Structure formats: structure tokens, C-alpha cells
Amino acid sequence: MALIFAIGQSFAQVFKTSTGEVSFISKTDFESFEAVNNQVTAAYSLKKLQFRVPINAFIFEKKLMQTHFQENYMESSKFPNASFKGSIISPEDFKISSKEQPVTVKGTLNIHGVDKESEIVGTIQNTPDGVVLKANFTIILSDYQIGVPSNLTAKISQNIDIKVNALLLSK
Amino acid sequence: MYQNPTELVTSGEPDIKYNTINELVDKGNSEIDSVFNANHVGKKIQFHAMVESTTSNESGSTIFVNSGSENTIITAAFDASLSNEVLDLKPSTEIDLLCVCNGIAKPEDPDDLLSETTISFNRCSIINKN
């Protein structure tokens, strides 16, 4: 039985990308901004998901904001990647299909060197182009020990909206 | 407060120059992540490479560089204004790139789905092509 399971695991289809997209959006009454990163690596196989997000690949409209984000808030030289590693927990009997299905993924989100157990709701769909993963969720900067100077708290939200959109190809 | 325009394409003198892709890959493989990243992240890196493939979307384009190793993925991202130039590149074209390094990421566990080492660059410019 164990052998059959091991063989099944070794032939499990893996879907991957190195050009997934993650955006984050900060909205306050005084200023709103969005940064986009299209160099996200991601993999999906057998209900398991993994993401790596290079922090320096977030592109801002304003260079100075990008520099502050990378060097001061995210300390990207010290913590160059955010990551997520988890498994689909809902629906329990999840099987990937051509229908866009809502799923809940439970795992560890690491940002700024801080691990946090997280449940993220998103969708998975098997399309003719590949597997499409989408998610929208919110993180709280203080959960990840990301400090914002007091003179900027009115301009940078503590609650950052994250959008994930990735097309993964069979490898 | 934030008024400066974004520098979308890297220019000027490199902080580090690699004459072959093997030099870069060897450096990445031989050093632990934190050491490589401390010396490369945010720095201007010039390197010689061979195009494996290209892709683009609304926000820009990407060259997948032939790393010479199945276990290493190297990506170089470009601003959307350079997409035509990037998409014109044929596989096996040799290029010199000047980019800002995003860093290296290696598999953390034997059971990682992301089993490859990735080195990524952004805000790249093509400074030479053959």
C-alpha cells in the first residue's frame, strides 16, 4: 500500500510558474497606492500550494516610495522573499476541474521574516492554458513586524489588500 | 511626499559584473542565501546570458535565461516599454543585461514543490546582443 502511495506521489502532476502576479494595495483617506510584482514563483500539486515573492520585484509608480518600501519597511536585503506554503483544506474532497472553484488554503505565510499561520480563500481553475490561481486577502503590517514611521501612518494603511493571479503550467 | 518618477530601466555602471552565466550560478550555489542576498539584492548587476525564452503581459516582459542547470531558474524582468525589444529576441541569442537583483531563493525542504533555485532580476536593460 505504501509503495502504491509512493508511486502515486512521484508521478503527481506539478504546475509551476515564475511569472505569477501579486499586487498590494494600500488605501487611506490621504493617499492610495498599488504595487505590482510579476516575478512570483508558484507551484501547485495534489492540493498543495507554494509561493515565493521577491520583495524587490514590486514596482511602484513612485520610485522614492519603492525605495522606502524595499529598504526601510521590508528590509529586502535581509528578507528578500515572502513565501507561502499550504494545502487546500476546503472543500475536503477538492479535485481540480475546468470549473473555477472556491477553496480555502491553510498554511504558513512568511513576510519580513515572520511566520504566521493563515487561511486564505481563493479560487482554482484548470483551463486550456494551465491552472489559474486567484486570491484576494488582507494582511496587517504589524502582524509581520513591519513598522511605518509615525509621520506616514496617515498615508500608509496598516491593512494591506493583496491580490494574487497566477497561471501555472504543467512541468 | 513621493514625487520622483520611477526609474524603470537600469542604467549607469554595474555594482557587480559577471562575464558568464556560470559565474553567477556558481556564486549562487556556493554561497548561502543570506550572504548572496546581502551582496546582491538591490544592486546593479551586469551579466552575460543566453535567451531561453521570453514572455510578456500588461505590466512588462520577462526573459528566461538559460542557466545551464535544470535546477536553477533565472528570470530578468523588463518594463512594458521594452516589451517589443524583448519579444523580438530569439532563443539562443546571447545578451548582456544590466538589472537590479531581487535575490536568490533556494528550496527550504526536500518536499518543497518549488524544488528549483531561483535568481530574479528586474528593471533590466539590454546593453548588448549578438
# chains A, B, ... in the order shown; residues from 1 in each chain; ligands from 1
$ residues_around --residues "segment 52-60 of chain A" --least-positions-apart "4" --cutoff "6 Å" --atoms "only C-alpha atoms" --output "JSON, numbers by chain"
{"A": [35, 36, 37, 40, 41, 66, 80, 81, 82, 83], "B": [102]}
$ closest_atom_pairs --of "chain B" --to "chain A" --cutoff "10 Å" --atoms "only C-alpha atoms" --output "Markdown table"
| residue | atom | partner | partner_atom | distance |
| --- | --- | --- | --- | --- |
| B:Met1 | CA | A:Met65 | CA | 8.8 |
| B:Tyr2 | CA | A:Leu64 | CA | 5.8 |
| B:Gln3 | CA | A:Lys62 | CA | 6.5 |
| B:Asn4 | CA | A:Lys62 | CA | 5.9 |
| B:Pro5 | CA | A:Lys62 | CA | 5.5 |
| B:Thr6 | CA | A:Lys63 | CA | 4.1 |
| B:Glu7 | CA | A:Lys63 | CA | 6.5 |
| B:Leu8 | CA | A:Ile59 | CA | 8.6 |
| B:Asp33 | CA | A:Pro80 | CA | 9.5 |
| B:Ser34 | CA | A:Lys78 | CA | 7.1 |
| B:Val35 | CA | A:Lys78 | CA | 9.4 |
| B:Phe36 | CA | A:Ser77 | CA | 9.6 |
| B:Asn37 | CA | A:Ser77 | CA | 6.1 |
| B:Ala38 | CA | A:Ser77 | CA | 5.3 |
| B:Asn39 | CA | A:Ser77 | CA | 8.2 |
| B:His40 | CA | A:Ser77 | CA | 8.1 |
| B:Val41 | CA | A:Ser77 | CA | 5.5 |
| B:Gly42 | CA | A:Asn56 | CA | 7.1 |
| B:Lys43 | CA | A:Ser77 | CA | 9.8 |
| B:Thr55 | CA | A:Thr19 | CA | 8.7 |
| B:Ser56 | CA | A:Thr19 | CA | 9.1 |
| B:Asn57 | CA | A:Asn38 | CA | 8.8 |
| B:Glu58 | CA | A:Asn38 | CA | 9.8 |
| B:Ser59 | CA | A:Asn38 | CA | 7.5 |
| B:Gly60 | CA | A:Asn38 | CA | 8.1 |
| B:Ser61 | CA | A:Asn38 | CA | 9.0 |
| B:Thr62 | CA | A:Thr19 | CA | 7.9 |
| B:Phe64 | CA | A:Ser18 | CA | 9.1 |
| B:Ile73 | CA | A:Ser18 | CA | 8.3 |
| B:Ile74 | CA | A:Ser18 | CA | 9.1 |
| B:Thr75 | CA | A:Ser18 | CA | 7.7 |
| B:Ala76 | CA | A:Gln39 | CA | 8.8 |
| B:Ala77 | CA | A:Gln39 | CA | 7.4 |
| B:Asp79 | CA | A:Ile59 | CA | 9.5 |
| B:Val100 | CA | A:Asn56 | CA | 8.5 |
| B:Cys101 | CA | A:Asn56 | CA | 7.7 |
| B:Asn102 | CA | A:Asn56 | CA | 5.0 |
| B:Gly103 | CA | A:Pro80 | CA | 6.2 |
| B:Ile104 | CA | A:Pro80 | CA | 7.9 |
| B:Ala105 | CA | A:Asn81 | CA | 7.3 |
| B:Lys106 | CA | A:Arg52 | CA | 10.0 |
| B:Asp112 | CA | A:Gln50 | CA | 7.8 |
| B:Leu113 | CA | A:Ala43 | CA | 5.9 |
| B:Leu114 | CA | A:Ala43 | CA | 6.1 |
| B:Ser115 | CA | A:Ala43 | CA | 9.4 |
| B:Thr118 | CA | A:Thr41 | CA | 8.4 |
| B:Ile119 | CA | A:Pro54 | CA | 9.4 |
| B:Ser120 | CA | A:Gln39 | CA | 7.5 |
| B:Phe121 | CA | A:Ala57 | CA | 7.6 |
| B:Asn122 | CA | A:Ala57 | CA | 6.2 |
| B:Arg123 | CA | A:Ala57 | CA | 8.5 |
$ closest_residue --among "B:Asn71, B:Ser30, B:Asn66, B:Thr54" --to "Leu87 of chain B" --atoms "only C-alpha atoms"
B:Thr54
$ select_by_dssp --residues "segment 11-117 of chain B" --states "helix (DSSP H, G or I)" --output "PyMOL selection string"
chain B and resi 21-30+33-40+80-87
$ residues_around --residues "Gly68 of chain B" --least-positions-apart "2" --cutoff "9 Å" --atoms "only C-alpha atoms" --output "PyMOL selection string"
chain B and resi 21-22+25+65-66+70-72
$ write_last_selection --atoms "N, CA and C atoms" --output "PDB file, in the first residue's frame"
ATOM      1  N   ILE B  21      27.235  33.282 -17.412  1.00  0.00           N
ATOM      2  CA  ILE B  21      26.128  32.916 -16.531  1.00  0.00           C
ATOM      3  C   ILE B  21      26.592  31.887 -15.499  1.00  0.00           C
ATOM      4  N   ASN B  22      27.595  31.088 -15.888  1.00  0.00           N
ATOM      5  CA  ASN B  22      28.115  30.098 -14.937  1.00  0.00           C
ATOM      6  C   ASN B  22      28.692  30.757 -13.683  1.00  0.00           C
ATOM      7  N   VAL B  25      25.686  31.600 -11.543  1.00  0.00           N
ATOM      8  CA  VAL B  25      25.059  30.396 -10.979  1.00  0.00           C
ATOM      9  C   VAL B  25      25.961  29.773  -9.914  1.00  0.00           C
ATOM     10  N   VAL B  65      16.419  33.154 -18.727  1.00  0.00           N
ATOM     11  CA  VAL B  65      17.817  32.998 -19.123  1.00  0.00           C
ATOM     12  C   VAL B  65      18.204  31.523 -19.021  1.00  0.00           C
ATOM     13  N   ASN B  66      18.958  31.070 -20.008  1.00  0.00           N
ATOM     14  CA  ASN B  66      19.479  29.707 -19.940  1.00  0.00           C
ATOM     15  C   ASN B  66      20.539  29.656 -18.848  1.00  0.00           C
ATOM     16  N   GLU B  70      19.250  22.505 -14.819  1.00  0.00           N
ATOM     17  CA  GLU B  70      17.800  22.264 -14.696  1.00  0.00           C
ATOM     18  C   GLU B  70      17.269  22.751 -13.364  1.00  0.00           C
ATOM     19  N   ASN B  71      18.151  22.839 -12.385  1.00  0.00           N
ATOM     20  CA  ASN B  71      17.706  23.168 -11.028  1.00  0.00           C
ATOM     21  C   ASN B  71      17.808  24.647 -10.696  1.00  0.00           C
ATOM     22  N   THR B  72      18.140  25.458 -11.689  1.00  0.00           N
ATOM     23  CA  THR B  72      18.251  26.897 -11.440  1.00  0.00           C
ATOM     24  C   THR B  72      17.450  27.664 -12.482  1.00  0.00           C
TER      25      THR B  72
END
$ select_by_dssp --residues "chain B" --states "strand (DSSP E or B)" --output "PyMOL selection string"
chain B and resi 5+16-18+41+44-57+60-65+72-79+94-105+117-129
$ decode --residues "chain B" --atoms "C-alpha atoms" --output "JSON list (two decimals), in the first residue's frame"
[["chain", "number", "residue", "atom", "x", "y", "z"],
["B", 1, "MET", "CA", 5.87, 63.46, -0.41],
["B", 2, "TYR", "CA", 6.66, 60.84, -3.05],
["B", 3, "GLN", "CA", 7.21, 62.87, -6.18],
["B", 4, "ASN", "CA", 10.13, 61.29, -8.04],
["B", 5, "PRO", "CA", 9.44, 59.38, -11.26],
["B", 6, "THR", "CA", 10.20, 55.67, -11.18],
["B", 7, "GLU", "CA", 13.45, 54.52, -12.76],
["B", 8, "LEU", "CA", 12.04, 51.73, -14.86],
["B", 9, "VAL", "CA", 15.18, 50.81, -16.75],
["B", 10, "THR", "CA", 18.52, 50.32, -15.03],
["B", 11, "SER", "CA", 21.36, 52.47, -16.31],
["B", 12, "GLY", "CA", 24.85, 53.51, -15.27],
["B", 13, "GLU", "CA", 27.76, 51.45, -14.04],
["B", 14, "PRO", "CA", 27.15, 47.98, -12.55],
["B", 15, "ASP", "CA", 27.97, 47.24, -8.93],
["B", 16, "ILE", "CA", 28.91, 43.68, -9.91],
["B", 17, "LYS", "CA", 29.71, 42.22, -13.33],
["B", 18, "TYR", "CA", 29.54, 38.54, -14.33],
["B", 19, "ASN", "CA", 31.16, 37.65, -17.64],
["B", 20, "THR", "CA", 29.38, 34.29, -17.91],
["B", 21, "ILE", "CA", 26.13, 32.92, -16.53],
["B", 22, "ASN", "CA", 28.11, 30.10, -14.94],
["B", 23, "GLU", "CA", 29.90, 32.63, -12.74],
["B", 24, "LEU", "CA", 26.55, 33.88, -11.46],
["B", 25, "VAL", "CA", 25.06, 30.40, -10.98],
["B", 26, "ASP", "CA", 28.21, 29.15, -9.23],
["B", 27, "LYS", "CA", 28.16, 32.15, -6.93],
["B", 28, "GLY", "CA", 24.51, 31.50, -6.09],
["B", 29, "ASN", "CA", 25.07, 27.81, -5.46],
["B", 30, "SER", "CA", 28.23, 28.18, -3.43],
["B", 31, "GLU", "CA", 27.00, 30.89, -1.06],
["B", 32, "ILE", "CA", 24.22, 30.56, 1.48],
["B", 33, "ASP", "CA", 21.13, 32.61, 0.60],
["B", 34, "SER", "CA", 21.68, 35.32, 3.18],
["B", 35, "VAL", "CA", 25.26, 36.01, 2.07],
["B", 36, "PHE", "CA", 24.38, 36.11, -1.63],
["B", 37, "ASN", "CA", 21.37, 38.31, -0.98],
["B", 38, "ALA", "CA", 23.25, 40.72, 1.29],
["B", 39, "ASN", "CA", 25.74, 41.30, -1.55],
["B", 40, "HIS", "CA", 23.31, 41.37, -4.47],
["B", 41, "VAL", "CA", 19.76, 42.48, -3.55],
["B", 42, "GLY", "CA", 19.07, 45.98, -4.79],
["B", 43, "LYS", "CA", 22.45, 46.14, -6.54],
["B", 44, "LYS", "CA", 23.01, 46.79, -10.25],
["B", 45, "ILE", "CA", 24.23, 43.54, -11.76],
["B", 46, "GLN", "CA", 25.59, 43.15, -15.29],
["B", 47, "PHE", "CA", 25.73, 39.63, -16.69],
["B", 48, "HIS", "CA", 26.22, 37.82, -19.96],
["B", 49, "ALA", "CA", 23.50, 35.30, -20.76],
["B", 50, "MET", "CA", 21.71, 33.28, -23.41],
["B", 51, "VAL", "CA", 17.98, 33.68, -24.01],
["B", 52, "GLU", "CA", 15.95, 30.54, -23.31],
["B", 53, "SER", "CA", 12.50, 32.06, -23.87],
["B", 54, "THR", "CA", 10.54, 35.27, -23.45],
["B", 55, "THR", "CA", 7.07, 36.17, -22.26],
["B", 56, "SER", "CA", 5.08, 39.32, -21.64],
["B", 57, "ASN", "CA", 1.93, 40.63, -20.01],
["B", 58, "GLU", "CA", 0.38, 44.05, -19.37],
["B", 59, "SER", "CA", 2.90, 45.05, -16.74],
["B", 60, "GLY", "CA", 6.05, 44.06, -18.62],
["B", 61, "SER", "CA", 8.08, 41.30, -20.18],
["B", 62, "THR", "CA", 10.45, 38.62, -18.93],
["B", 63, "ILE", "CA", 13.45, 36.82, -20.34],
["B", 64, "PHE", "CA", 14.05, 33.30, -19.06],
["B", 65, "VAL", "CA", 17.82, 33.00, -19.12],
["B", 66, "ASN", "CA", 19.48, 29.71, -19.94],
["B", 67, "SER", "CA", 21.11, 28.94, -16.61],
["B", 68, "GLY", "CA", 22.88, 25.79, -17.80],
["B", 69, "SER", "CA", 21.23, 23.91, -14.95],
["B", 70, "GLU", "CA", 17.80, 22.26, -14.70],
["B", 71, "ASN", "CA", 17.71, 23.17, -11.03],
["B", 72, "THR", "CA", 18.25, 26.90, -11.44],
["B", 73, "ILE", "CA", 15.76, 29.36, -12.88],
["B", 74, "ILE", "CA", 16.95, 32.85, -13.79],
["B", 75, "THR", "CA", 14.43, 35.48, -14.79],
["B", 76, "ALA", "CA", 15.04, 39.02, -15.96],
["B", 77, "ALA", "CA", 12.03, 41.35, -15.98],
["B", 78, "PHE", "CA", 11.63, 44.45, -18.14],
["B", 79, "ASP", "CA", 9.35, 47.45, -18.12],
["B", 80, "ALA", "CA", 6.43, 47.27, -20.55],
["B", 81, "SER", "CA", 8.06, 49.98, -22.69],
["B", 82, "LEU", "CA", 10.75, 47.42, -23.67],
["B", 83, "SER", "CA", 8.39, 44.52, -24.42],
["B", 84, "ASN", "CA", 8.76, 44.74, -28.21],
["B", 85, "GLU", "CA", 12.55, 44.63, -27.95],
["B", 86, "VAL", "CA", 12.38, 41.67, -25.54],
["B", 87, "LEU", "CA", 9.84, 39.70, -27.53],
["B", 88, "ASP", "CA", 11.97, 40.14, -30.66],
["B", 89, "LEU", "CA", 14.77, 38.13, -29.05],
["B", 90, "LYS", "CA", 15.08, 34.60, -30.35],
["B", 91, "PRO", "CA", 16.07, 31.63, -28.19],
["B", 92, "SER", "CA", 19.87, 31.18, -28.03],
["B", 93, "THR", "CA", 20.51, 34.89, -28.60],
["B", 94, "GLU", "CA", 23.44, 36.00, -26.47],
["B", 95, "ILE", "CA", 22.86, 39.17, -24.49],
["B", 96, "ASP", "CA", 24.42, 41.38, -21.87],
["B", 97, "LEU", "CA", 21.92, 42.62, -19.32],
["B", 98, "LEU", "CA", 22.07, 45.31, -16.67],
["B", 99, "CYS", "CA", 19.46, 44.72, -13.98],
["B", 100, "VAL", "CA", 18.64, 45.22, -10.34],
["B", 101, "CYS", "CA", 18.84, 41.94, -8.41],
["B", 102, "ASN", "CA", 15.80, 40.73, -6.47],
["B", 103, "GLY", "CA", 17.78, 37.97, -4.80],
["B", 104, "ILE", "CA", 18.09, 34.22, -4.69],
["B", 105, "ALA", "CA", 15.65, 31.71, -3.25],
["B", 106, "LYS", "CA", 16.56, 28.08, -2.66],
["B", 107, "PRO", "CA", 14.33, 25.14, -1.69],
["B", 108, "GLU", "CA", 13.94, 25.05, 2.08],
["B", 109, "ASP", "CA", 12.73, 21.47, 2.50],
["B", 110, "PRO", "CA", 13.20, 18.27, 0.50],
["B", 111, "ASP", "CA", 9.42, 18.15, -0.03],
["B", 112, "ASP", "CA", 9.16, 21.68, -1.44],
["B", 113, "LEU", "CA", 7.10, 21.87, -4.63],
["B", 114, "LEU", "CA", 9.39, 24.72, -5.66],
["B", 115, "SER", "CA", 12.40, 22.47, -5.95],
["B", 116, "GLU", "CA", 14.49, 24.84, -8.07],
["B", 117, "THR", "CA", 16.77, 27.67, -7.03],
["B", 118, "THR", "CA", 15.52, 30.95, -8.46],
["B", 119, "ILE", "CA", 17.54, 34.10, -9.09],
["B", 120, "SER", "CA", 15.47, 37.00, -10.32],
["B", 121, "PHE", "CA", 16.23, 40.46, -11.66],
["B", 122, "ASN", "CA", 14.03, 43.39, -12.58],
["B", 123, "ARG", "CA", 14.16, 46.82, -14.23],
["B", 124, "CYS", "CA", 16.52, 45.26, -16.76],
["B", 125, "SER", "CA", 18.03, 46.83, -19.84],
["B", 126, "ILE", "CA", 19.68, 45.07, -22.77],
["B", 127, "ILE", "CA", 23.10, 46.60, -23.21],
["B", 128, "ASN", "CA", 24.37, 44.26, -25.90],
["B", 129, "LYS", "CA", 23.00, 41.44, -28.04],
["B", 130, "ASN", "CA", 24.52, 39.09, -30.62]]
